[in-house]
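Containing mmCIF, C-alpha atoms: coords_13.cif.
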data_structure
#
loop_
_atom_site.label_atom_id
_atom_site.label_comp_id
_atom_site.auth_asym_id
_atom_site.auth_seq_id
_atom_site.Cartn_x
_atom_site.Cartn_y
_atom_site.Cartn_z
CA MET A 23 43.08 1.59 -12.74
CA ASN A 24 46.09 1.57 -10.43
CA LYS A 25 43.78 2.48 -7.57
CA ILE A 26 41.48 -0.45 -8.37
CA VAL A 27 44.42 -2.88 -8.46
CA THR A 28 45.71 -1.48 -5.16
CA ILE A 29 42.30 -1.80 -3.52
CA ASN A 30 41.89 -5.34 -4.85
CA LEU A 31 45.32 -6.33 -3.55
CA PHE A 32 44.50 -4.75 -0.22
CA VAL A 33 41.16 -6.59 0.01
CA LEU A 34 42.88 -9.85 -0.98
CA SER A 35 45.60 -9.42 1.64
CA VAL A 36 43.01 -8.63 4.31
CA MET A 37 41.09 -11.76 3.31
CA ILE A 38 44.24 -13.87 3.53
CA ILE A 39 45.11 -12.46 6.94
CA ALA A 40 41.54 -12.73 8.19
CA VAL A 41 41.17 -16.44 7.40
CA THR A 42 43.47 -18.57 9.46
CA GLU A 43 43.36 -22.30 8.93
CA THR A 44 44.88 -24.34 11.67
CA ALA A 45 45.21 -28.04 12.16
CA ALA A 46 43.66 -29.04 15.47
CA SER A 47 46.46 -28.26 17.86
CA GLU A 48 45.47 -30.47 20.75
CA VAL A 49 43.16 -33.46 20.35
CA LYS A 50 42.25 -35.83 23.13
CA VAL A 51 40.23 -38.99 22.69
CA HIS A 52 38.61 -40.51 25.73
CA LYS A 53 36.95 -43.89 25.95
CA ASN A 54 34.33 -44.29 28.63
CA GLU A 55 35.34 -47.47 30.45
CA ASN A 56 31.76 -48.37 31.29
CA SER A 57 30.07 -47.74 27.97
CA GLY A 58 32.95 -47.90 25.48
CA LEU A 59 31.67 -44.67 23.93
CA LEU A 60 34.23 -42.17 22.66
CA THR A 61 34.69 -38.46 23.24
CA TRP A 62 36.93 -36.16 21.21
CA THR A 63 38.15 -32.88 22.66
CA VAL A 64 39.96 -30.29 20.57
CA LYS A 65 41.63 -27.23 22.03
CA ASP A 66 42.56 -24.68 19.42
CA ASP A 67 43.01 -20.92 19.14
CA GLY A 68 40.61 -19.62 21.78
CA PHE A 69 38.12 -22.34 21.00
CA GLN A 70 37.35 -25.72 22.51
CA ILE A 71 34.98 -28.28 21.04
CA GLU A 72 34.07 -31.60 22.57
CA LEU A 73 32.11 -34.27 20.68
CA LEU A 74 30.55 -37.14 22.62
CA GLN A 75 29.15 -40.20 20.86
CA LEU A 76 25.49 -40.66 21.72
CA LEU A 77 23.61 -43.92 21.35
CA PRO A 78 20.42 -43.98 19.26
CA ASP A 79 18.49 -45.21 22.30
CA PHE A 80 19.57 -42.14 24.22
CA ILE A 81 18.27 -39.93 21.42
CA ARG A 82 15.00 -41.88 21.43
CA ALA A 83 14.79 -41.42 25.21
CA ILE A 84 15.30 -37.67 25.05
CA TYR A 85 12.68 -37.06 22.38
CA ALA A 86 10.20 -39.56 23.77
CA LYS A 87 10.41 -37.67 27.06
CA HIS A 88 9.33 -34.57 25.18
CA ASP A 89 6.39 -36.32 23.50
CA PHE A 90 7.73 -36.32 19.96
CA PRO A 91 5.76 -38.41 17.42
CA GLU A 92 7.23 -41.89 16.96
CA ASP A 93 8.24 -41.15 13.33
CA GLU A 94 10.20 -38.08 14.39
CA ILE A 95 11.89 -39.95 17.22
CA GLU A 96 13.06 -42.65 14.82
CA ARG A 97 14.13 -40.10 12.21
CA ALA A 98 16.26 -38.24 14.76
CA ALA A 99 17.69 -41.51 16.09
CA SER A 100 18.68 -42.52 12.55
CA TYR A 101 21.18 -39.64 12.48
CA CYS A 102 24.73 -39.80 13.80
CA ILE A 103 24.46 -37.47 16.78
CA PHE A 104 27.12 -36.09 19.08
CA GLY A 105 26.70 -34.27 22.34
CA THR A 106 28.69 -31.11 21.63
CA ILE A 107 30.28 -28.70 24.07
CA LEU A 108 31.73 -25.43 22.75
CA LYS A 109 33.75 -23.07 24.87
CA ASN A 110 35.40 -19.72 24.39
CA THR A 111 38.85 -20.25 25.91
CA SER A 112 40.19 -16.90 24.76
CA ASP A 113 40.06 -13.46 26.33
CA GLN A 114 38.29 -12.12 23.24
CA GLN A 115 34.84 -12.35 21.71
CA MET A 116 34.31 -15.74 20.02
CA SER A 117 31.55 -16.65 17.59
CA TYR A 118 30.53 -19.61 15.44
CA ARG A 119 27.91 -20.58 12.85
CA VAL A 120 26.96 -24.22 12.43
CA ALA A 121 26.05 -23.42 8.80
CA ASP A 122 29.80 -22.94 8.18
CA TRP A 123 30.68 -26.43 9.44
CA ARG A 124 31.17 -29.41 7.15
CA TYR A 125 31.71 -33.12 7.54
CA GLN A 126 33.93 -34.99 5.13
CA THR A 127 33.45 -38.64 4.33
CA SER A 128 36.20 -41.09 3.37
CA ASP A 129 35.66 -40.38 -0.35
CA GLY A 130 36.66 -36.76 0.23
CA LYS A 131 33.16 -35.34 -0.26
CA GLN A 132 32.03 -32.58 2.08
CA TYR A 133 28.51 -32.03 3.36
CA PRO A 134 26.96 -29.26 5.48
CA VAL A 135 26.08 -30.09 9.08
CA LYS A 136 22.31 -29.95 9.56
CA THR A 137 21.35 -26.85 11.52
CA LYS A 138 18.92 -26.41 14.38
CA THR A 139 16.78 -24.14 12.17
CA GLN A 140 16.45 -26.92 9.60
CA TRP A 141 15.42 -29.40 12.28
CA LEU A 142 12.94 -27.00 13.87
CA GLU A 143 11.26 -26.35 10.53
CA GLU A 144 10.81 -30.09 9.98
CA TRP A 145 9.60 -30.60 13.53
CA ARG A 146 7.13 -27.72 13.27
CA ASN A 147 5.61 -29.43 10.25
CA ALA A 148 5.20 -32.53 12.41
CA GLY A 149 3.51 -30.53 15.17
CA VAL A 150 6.53 -30.43 17.51
CA THR A 151 7.15 -27.21 19.42
CA PHE A 152 10.07 -28.37 21.59
CA SER A 153 13.07 -26.32 20.53
CA TRP A 154 15.91 -27.21 22.87
CA THR A 155 18.63 -29.95 22.94
CA LEU A 156 20.19 -29.02 19.55
CA LEU A 157 23.30 -26.88 19.40
CA PRO A 158 22.21 -23.32 18.58
CA ASP A 159 22.89 -22.31 14.97
CA GLU A 160 25.00 -19.38 16.04
CA GLY A 161 26.76 -18.26 19.16
CA GLU A 162 28.37 -15.04 20.35
CA PHE A 163 30.53 -16.02 23.30
CA SER A 164 32.10 -13.58 25.71
CA VAL A 165 35.01 -14.55 27.93
CA GLY A 166 34.13 -17.70 29.88
CA ASP A 167 30.96 -18.46 27.91
CA TRP A 168 30.21 -21.96 26.74
CA GLN A 169 27.31 -23.87 25.33
CA GLN A 170 26.23 -27.38 24.57
CA GLY A 171 23.75 -29.24 22.44
CA PHE A 172 23.44 -31.98 19.84
CA THR A 173 25.27 -31.88 16.50
CA THR A 174 23.66 -34.05 13.83
CA VAL A 175 25.29 -35.68 10.83
CA GLN A 176 23.43 -37.88 8.37
CA LEU A 177 25.72 -40.91 8.38
CA PRO A 178 25.21 -44.58 9.29
CA ARG A 179 26.27 -46.10 12.62
CA ASN A 180 30.02 -46.61 13.15
CA THR A 181 30.97 -44.44 10.12
CA GLU A 182 34.31 -42.67 10.35
CA PHE A 183 34.57 -39.12 9.02
CA ASP A 184 36.31 -35.77 9.53
CA MET A 185 34.58 -32.74 11.02
CA ILE A 186 35.58 -29.33 9.71
CA PHE A 187 34.53 -26.53 12.01
CA LYS A 188 34.97 -22.77 11.91
CA TRP A 189 34.90 -20.06 14.50
CA GLN A 190 35.79 -16.40 14.74
CA LEU A 191 37.90 -14.59 17.30
CA ASP A 192 37.34 -10.84 17.24
CA GLY A 193 36.25 -11.12 13.62
CA VAL A 194 39.14 -13.31 12.44
CA GLU A 195 38.01 -16.65 11.04
CA HIS A 196 39.69 -19.87 12.11
CA THR A 197 39.21 -23.38 10.76
CA GLY A 198 39.91 -26.66 12.51
CA ILE A 199 39.66 -30.26 11.37
CA LEU A 200 38.90 -33.14 13.67
CA GLU A 201 39.93 -36.27 11.81
CA ASN A 202 38.67 -39.83 12.09
CA ILE A 203 35.78 -39.34 14.43
CA LYS A 204 33.24 -42.11 14.49
CA CYS A 205 29.47 -42.34 14.77
CA ALA A 206 28.17 -44.28 17.75
CA PRO A 207 27.18 -47.94 17.33
CA GLU A 208 23.53 -49.03 17.38
CA SER A 209 23.91 -50.24 20.94
CA LEU A 210 26.43 -50.80 23.69
CA PRO A 211 28.81 -53.70 23.02
CA GLU A 212 28.10 -56.88 25.00
CA LYS A 213 30.46 -57.29 27.93
CA MET B 7 10.80 -47.50 31.10
CA LYS B 8 13.85 -48.30 28.98
CA TYR B 9 14.03 -44.64 27.95
CA ILE B 10 13.83 -43.45 31.56
CA ILE B 11 16.73 -45.74 32.45
CA PHE B 12 18.78 -44.26 29.59
CA ILE B 13 18.07 -40.70 30.69
CA THR B 14 19.01 -41.55 34.26
CA LEU B 15 22.20 -43.22 33.07
CA PHE B 16 22.99 -40.23 30.90
CA ILE B 17 22.51 -37.68 33.64
CA SER B 18 24.52 -39.68 36.14
CA ALA B 19 27.34 -40.47 33.72
CA PHE B 20 27.41 -37.26 31.71
CA ALA B 21 26.57 -34.66 34.27
CA LEU B 22 27.21 -35.74 37.81
CA LYS B 23 30.13 -38.14 37.74
CA ALA B 24 32.04 -37.55 34.54
CA ASP B 25 33.13 -34.03 35.41
CA TRP B 26 36.16 -34.36 33.14
CA GLN B 27 33.81 -34.08 30.18
CA GLN B 28 32.52 -30.67 31.12
CA PRO B 29 34.42 -27.39 31.17
CA GLU B 30 35.13 -26.06 34.62
CA LEU B 31 32.50 -23.64 35.81
CA SER B 32 33.96 -20.17 35.68
CA HIS B 33 32.63 -17.07 37.38
CA ASN B 34 32.91 -14.61 34.47
CA LEU B 35 29.90 -12.43 33.89
CA THR B 36 29.71 -10.36 30.71
CA VAL B 37 28.92 -6.69 31.14
CA ILE B 38 26.04 -5.67 28.87
CA LYS B 39 27.40 -2.61 27.10
CA LYS B 40 24.05 -1.39 25.85
CA VAL B 41 21.87 -1.65 28.94
CA ILE B 42 18.30 -2.66 28.08
CA PRO B 43 15.20 -3.06 30.22
CA ALA B 44 14.37 -6.63 31.25
CA MET B 45 11.07 -7.54 29.65
CA ASP B 46 8.31 -8.18 32.16
CA PHE B 47 6.60 -11.57 32.21
CA GLU B 48 4.07 -13.53 34.21
CA LEU B 49 4.68 -17.22 34.88
CA GLN B 50 3.46 -19.85 37.32
CA ASP B 51 5.59 -21.09 40.20
CA MET B 52 5.66 -24.58 41.76
CA ASP B 53 2.43 -23.79 43.62
CA GLU B 54 0.72 -22.57 40.45
CA GLN B 55 0.83 -19.00 41.72
CA LYS B 56 1.32 -16.37 39.04
CA ILE B 57 4.53 -14.39 39.49
CA LYS B 58 5.59 -11.30 37.56
CA LEU B 59 9.16 -10.13 37.18
CA SER B 60 7.92 -6.64 38.04
CA ASP B 61 6.75 -7.99 41.43
CA TYR B 62 10.42 -7.82 42.40
CA LYS B 63 11.23 -4.34 41.14
CA GLY B 64 13.69 -2.69 43.50
CA LYS B 65 15.60 -5.94 43.97
CA VAL B 66 18.64 -7.20 42.12
CA ILE B 67 17.62 -10.39 40.29
CA LEU B 68 19.63 -13.34 39.04
CA LEU B 69 17.41 -14.65 36.23
CA ASN B 70 18.41 -18.14 35.11
CA PHE B 71 17.00 -20.20 32.20
CA TRP B 72 17.33 -23.94 32.69
CA ALA B 73 15.91 -27.48 32.26
CA THR B 74 16.26 -30.72 34.19
CA TRP B 75 17.86 -32.55 31.23
CA CYS B 76 20.59 -29.89 30.84
CA PRO B 77 23.83 -31.07 32.56
CA PRO B 78 25.45 -27.64 33.12
CA CYS B 79 22.15 -26.36 34.52
CA ILE B 80 22.29 -29.14 37.08
CA ARG B 81 25.91 -28.40 37.88
CA GLU B 82 25.41 -24.71 38.55
CA MET B 83 22.24 -25.12 40.59
CA PRO B 84 23.94 -25.79 43.96
CA SER B 85 25.93 -22.56 43.58
CA MET B 86 22.68 -20.69 42.90
CA GLU B 87 21.24 -22.12 46.09
CA ARG B 88 24.33 -21.11 48.10
CA LEU B 89 24.16 -17.64 46.57
CA HIS B 90 20.48 -17.39 47.39
CA LYS B 91 21.18 -18.22 51.03
CA GLN B 92 24.26 -16.06 51.29
CA VAL B 93 23.03 -12.75 49.87
CA ASP B 94 20.55 -10.50 51.63
CA ALA B 95 17.05 -11.64 50.68
CA GLU B 96 15.65 -8.14 51.14
CA GLY B 97 17.55 -6.80 48.18
CA PHE B 98 18.22 -9.86 46.05
CA LYS B 99 16.26 -12.64 44.36
CA VAL B 100 17.22 -15.76 42.43
CA ILE B 101 14.66 -16.81 39.81
CA ALA B 102 15.16 -19.98 37.78
CA ILE B 103 12.89 -20.25 34.75
CA ASN B 104 12.40 -23.84 33.67
CA GLN B 105 11.94 -24.50 29.96
CA MET B 106 9.03 -26.60 28.68
CA GLU B 107 8.69 -28.95 31.64
CA ASP B 108 6.05 -29.15 34.32
CA ALA B 109 6.00 -29.02 38.12
CA ASP B 110 5.88 -32.83 38.44
CA GLN B 111 9.02 -33.27 36.36
CA VAL B 112 10.86 -30.54 38.26
CA PHE B 113 9.66 -31.80 41.63
CA ALA B 114 10.92 -35.31 40.81
CA PHE B 115 14.22 -33.83 39.69
CA THR B 116 14.83 -31.54 42.66
CA GLY B 117 14.04 -34.45 44.99
CA GLN B 118 17.19 -36.16 43.69
CA LEU B 119 19.46 -33.20 44.37
CA GLU B 120 21.64 -33.15 47.45
CA VAL B 121 20.30 -29.72 48.34
CA ASP B 122 16.70 -28.90 47.56
CA PRO B 123 16.51 -25.49 45.86
CA THR B 124 14.71 -22.88 47.94
CA PHE B 125 14.88 -20.11 45.35
CA GLU B 126 12.00 -19.26 43.02
CA ILE B 127 11.36 -21.72 40.19
CA LEU B 128 8.99 -20.60 37.42
CA PHE B 129 7.65 -22.47 34.40
CA ASP B 130 8.03 -21.16 30.87
CA THR B 131 6.03 -23.99 29.30
CA THR B 132 6.10 -22.54 25.77
CA SER B 133 9.59 -20.98 25.94
CA SER B 134 8.02 -17.62 25.11
CA VAL B 135 9.96 -15.82 27.85
CA SER B 136 13.26 -17.34 26.77
CA ARG B 137 12.50 -16.14 23.21
CA ASP B 138 11.82 -12.63 24.53
CA TYR B 139 15.21 -12.71 26.23
CA ALA B 140 16.89 -14.11 23.05
CA VAL B 141 18.14 -17.17 24.93
CA ARG B 142 19.79 -19.49 22.40
CA GLY B 143 20.93 -22.26 24.70
CA LEU B 144 20.69 -23.47 28.28
CA PRO B 145 21.75 -22.42 30.79
CA THR B 146 21.75 -18.68 30.19
CA THR B 147 21.64 -16.22 33.06
CA PHE B 148 21.04 -12.50 33.38
CA LEU B 149 21.73 -10.15 36.24
CA ILE B 150 19.08 -7.45 36.49
CA ASP B 151 19.55 -4.29 38.51
CA LYS B 152 17.09 -2.62 40.89
CA GLU B 153 15.73 -0.49 38.05
CA GLY B 154 14.85 -3.59 36.06
CA ARG B 155 17.70 -3.29 33.54
CA ILE B 156 19.81 -6.18 32.27
CA ARG B 157 23.38 -5.45 33.32
CA TYR B 158 25.27 -8.77 33.03
CA ARG B 159 24.93 -12.03 31.11
CA ALA B 160 26.41 -15.52 31.35
CA VAL B 161 26.08 -18.20 28.65
CA GLY B 162 26.86 -21.66 30.03
CA GLY B 163 27.25 -22.87 33.59
CA ARG B 164 28.84 -20.73 36.30
CA GLU B 165 29.81 -20.83 39.96
CA PHE B 166 27.42 -18.16 41.09
CA ASP B 167 28.56 -18.01 44.69
CA HIS B 168 32.09 -17.04 43.69
CA PRO B 169 33.23 -13.95 45.67
CA GLU B 170 33.58 -11.89 42.49
CA VAL B 171 29.98 -12.61 41.47
CA ILE B 172 28.79 -11.74 44.97
CA LYS B 173 30.79 -8.52 44.80
CA ILE B 174 29.05 -7.54 41.55
CA ILE B 175 25.63 -8.31 43.05
CA GLU B 176 26.41 -6.28 46.15
CA GLN B 177 27.58 -3.38 43.99
CA LEU B 178 24.29 -3.47 42.09
CA MET B 179 22.39 -3.61 45.38
CA ALA B 180 24.29 -0.57 46.64
CA GLU B 181 23.53 1.56 43.57
#

For this file, write the structure as structure tokens.
Amino acid sequence: MNKIVTINLFVLSVMIIAVTETAASEVKVHKNENSGLLTWTVKDDGFQIELLQLLPDFIRAIYAKHDFPEDEIERAASYCIFGTILKNTSDQQMSYRVADWRYQTSDGKQYPVKTKTQWLEEWRNAGVTFSWTLLPDEGEFSVGDWQQGFTTVQLPRNTEFDMIFKWQLDGVEHTGILENIKCAPESLPEK
Amino acid sequence: MKYIIFITLFISAFALKADWQQPELSHNLTVIKKVIPAMDFELQDMDEQKIKLSDYKGKVILLNFWATWCPPCIREMPSMERLHKQVDAEGFKVIAINQMEDADQVFAFTGQLEVDPTFEILFDTTSSVSRDYAVRGLPTTFLIDKEGRIRYRAVGGREFDHPEVIKIIEQLMAE
């Protein structure tokens, strides 16, 4: 019995040590002077994520270029989509899984971020074979590796929310929260 | 037409001018600990000639997966061209495998670049080769030795003509 308790305590302590939650240590917000669109950059423990607002018309343009059916173009454009750049800034192995990420709306509810696999399954049913542009579901980044792609959140234009993202450095899980990010507007503001 | 304008605006704003948005291109290549053979393939080039990877056995190959709409792919391309010109062509080859686009799209794209690529561009129109190489995102690049084994990998854009990358390539050529 004592052994079981000891093992359980050991497992619990390993779990506590292995999951490190950190508030985003360095957040920069940039406003593009020409377009007015916003970009958020977070630098945290060995991990950098950058989220760029993308206009629905840009999403339409990308998927029209790849001959998507009109319904699928509009469905994709109805999402709140960010151009996303992830980078391993550590000298260790970094990994992530989009399935672990959540977005939190102003009422405190959390929702899973839609994964590339989920999109591809829906697109396959619509006869689409194009598989790029979306952020890969998972990544194993060595030193200096980085990746980019779209992150999709099912929220209306201009909605503010928090993004909760997770990553692992040499097997240790980290969590970061990017607060008050905002979906892009329907179109560029009139100048 | 409206969509084309948006794509052009995106590429110019996101990729070419707004460099602050993109991480600096590093020159790190990851050593593949468990060396595996590079899978052979046959793809068409710009002139619709069929090219096999095995056609270049005995050469060190920089195998790059890319697309014209991918900003870091565009950023690293000039360094691939410089590398291609700098390293001995007898023992080294740069091959850029385009994903799911056609020769017209790539031709229109390369015409806008400051330096027209002279290295090999092949077309993986169904992304079957990228699947065989387990490429999850673009750009991804592999360095293949003279025996046809994958020795290094890079996920994301790189400065391929960095002296340290050239040193690695020359070491592989000397093996």

Kindly provide, as a PyMOL selection string, the polymer residues lying within 12 Å of (32.0, -37.0, 20.2), counting all atoms listed in the file and using the coordinates exactly as they appear in the file.
(chain A and resi 49-54+59-64+71-77+102-108+171-175+182-185+200-206) or (chain B and resi 27)

Would you kindly return, as a ChimeraX atom specification, each protein, DNA or RNA residue with an atom no farther than 12 Å from any atom of B:Lys56, considering all atoms listed in the file and excluding same-chain residues fewer than 3 positions away?
/B:47-53,59-61,126-130

Name all residues at most 9 Å from B:Gly154 (count only C-alpha atoms; drop same-chain ones fewer than 2 positions away) and give them as an MDAnalysis selection string.
chainID B and resid 42:46 59:60 62:67 150:152 156

Straight-line distance linking atom CA of B:Val41 with atom CA of A:Trp154, stated in Å to one decimal:
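If I compute the distance from atom CA of B:Val41 to atom CA of A:Trp154, I get 26.9 Å.
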
Env of A:Ala98: 8 Å cut, atoms = all atoms listed in the file, seq-sep filter 4 positions within chain, self excluded. Answer as a tab-separated table (two decimals) with C-alpha atoms, in the coordinates of the input.
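As written to disk, result-v2.tsv reads:
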chain	number	residue	atom	x	y	z
A	81	ILE	CA	18.27	-39.93	21.42
A	82	ARG	CA	15.00	-41.88	21.43
A	94	GLU	CA	10.20	-38.08	14.39

Point (25.0, -19.5, 11.7) neighbourhood (7 Å, only C-alpha atoms) written as an mmCIF file with C-alpha atoms, in the coordinates of the input:
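The resulting file, part01.cif, is shown below:
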data_model
loop_
_atom_site.group_PDB
_atom_site.id
_atom_site.type_symbol
_atom_site.label_atom_id
_atom_site.label_comp_id
_atom_site.auth_asym_id
_atom_site.auth_seq_id
_atom_site.Cartn_x
_atom_site.Cartn_y
_atom_site.Cartn_z
ATOM 1 C CA TYR A 118 30.530 -19.610 15.440
ATOM 2 C CA ARG A 119 27.910 -20.580 12.850
ATOM 3 C CA VAL A 120 26.960 -24.220 12.430
ATOM 4 C CA ALA A 121 26.050 -23.420 8.800
ATOM 5 C CA ASP A 122 29.800 -22.940 8.180
ATOM 6 C CA ASP A 159 22.890 -22.310 14.970
ATOM 7 C CA GLU A 160 25.000 -19.380 16.040
#

Applying the PyMOL selection byres ((chain A) within 7 of (chain B)) to the file I just gave you, which residues come out? Please list them as a compact mmCIF listing (two decimals) with C-alpha atoms, in the coordinates of the input.
# COMPACT_ATOMS: atom_id res chain seq x y z
CA PHE A 80 19.57 -42.14 24.22
CA ALA A 83 14.79 -41.42 25.21
CA ILE A 84 15.30 -37.67 25.05
CA PRO A 158 22.21 -23.32 18.58
CA SER A 164 32.10 -13.58 25.71
CA VAL A 165 35.01 -14.55 27.93
CA GLY A 166 34.13 -17.70 29.88
CA ASP A 167 30.96 -18.46 27.91
CA TRP A 168 30.21 -21.96 26.74
CA GLN A 169 27.31 -23.87 25.33

Got a sec to resolve the PyMOL selection byres ((chain B and resi 112-120) around 9) on this structure and send the residues as number ranges by chain?
B: 52, 73-74, 80, 84, 104, 107-111, 121-123

Could you check how far atom CA of B:Leu149 sits from atom CA of A:Lys109, in Å to one decimal?
21.0 Å

Would you kindly return, as a VMD selection string, each protein, DNA or RNA residue with an atom no farther than 12 Å from any atom of B:Pro169, considering only C-alpha atoms and excluding same-chain residues fewer than 6 positions away?
chain B and resid 32 to 34 85 88 to 89 92 to 93 175 to 176

Produce a file of the selected residues containing C-alpha atoms, as a short mmCIF file (atom, residue, chain, number, x, y, z; two decimals), in the frame of the given file.
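New file result_2.cif:
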data_model
loop_
_atom_site.label_atom_id
_atom_site.label_comp_id
_atom_site.auth_asym_id
_atom_site.auth_seq_id
_atom_site.Cartn_x
_atom_site.Cartn_y
_atom_site.Cartn_z
CA SER B 32 33.96 -20.17 35.68
CA HIS B 33 32.63 -17.07 37.38
CA ASN B 34 32.91 -14.61 34.47
CA SER B 85 25.93 -22.56 43.58
CA ARG B 88 24.33 -21.11 48.10
CA LEU B 89 24.16 -17.64 46.57
CA GLN B 92 24.26 -16.06 51.29
CA VAL B 93 23.03 -12.75 49.87
CA ILE B 175 25.63 -8.31 43.05
CA GLU B 176 26.41 -6.28 46.15
#

So how far away is atom CA of A:His88 from atom CA of B:Tyr139, in Å?
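Between atom CA of B:Tyr139 and atom CA of A:His88 the gap works out to 22.7 Å.
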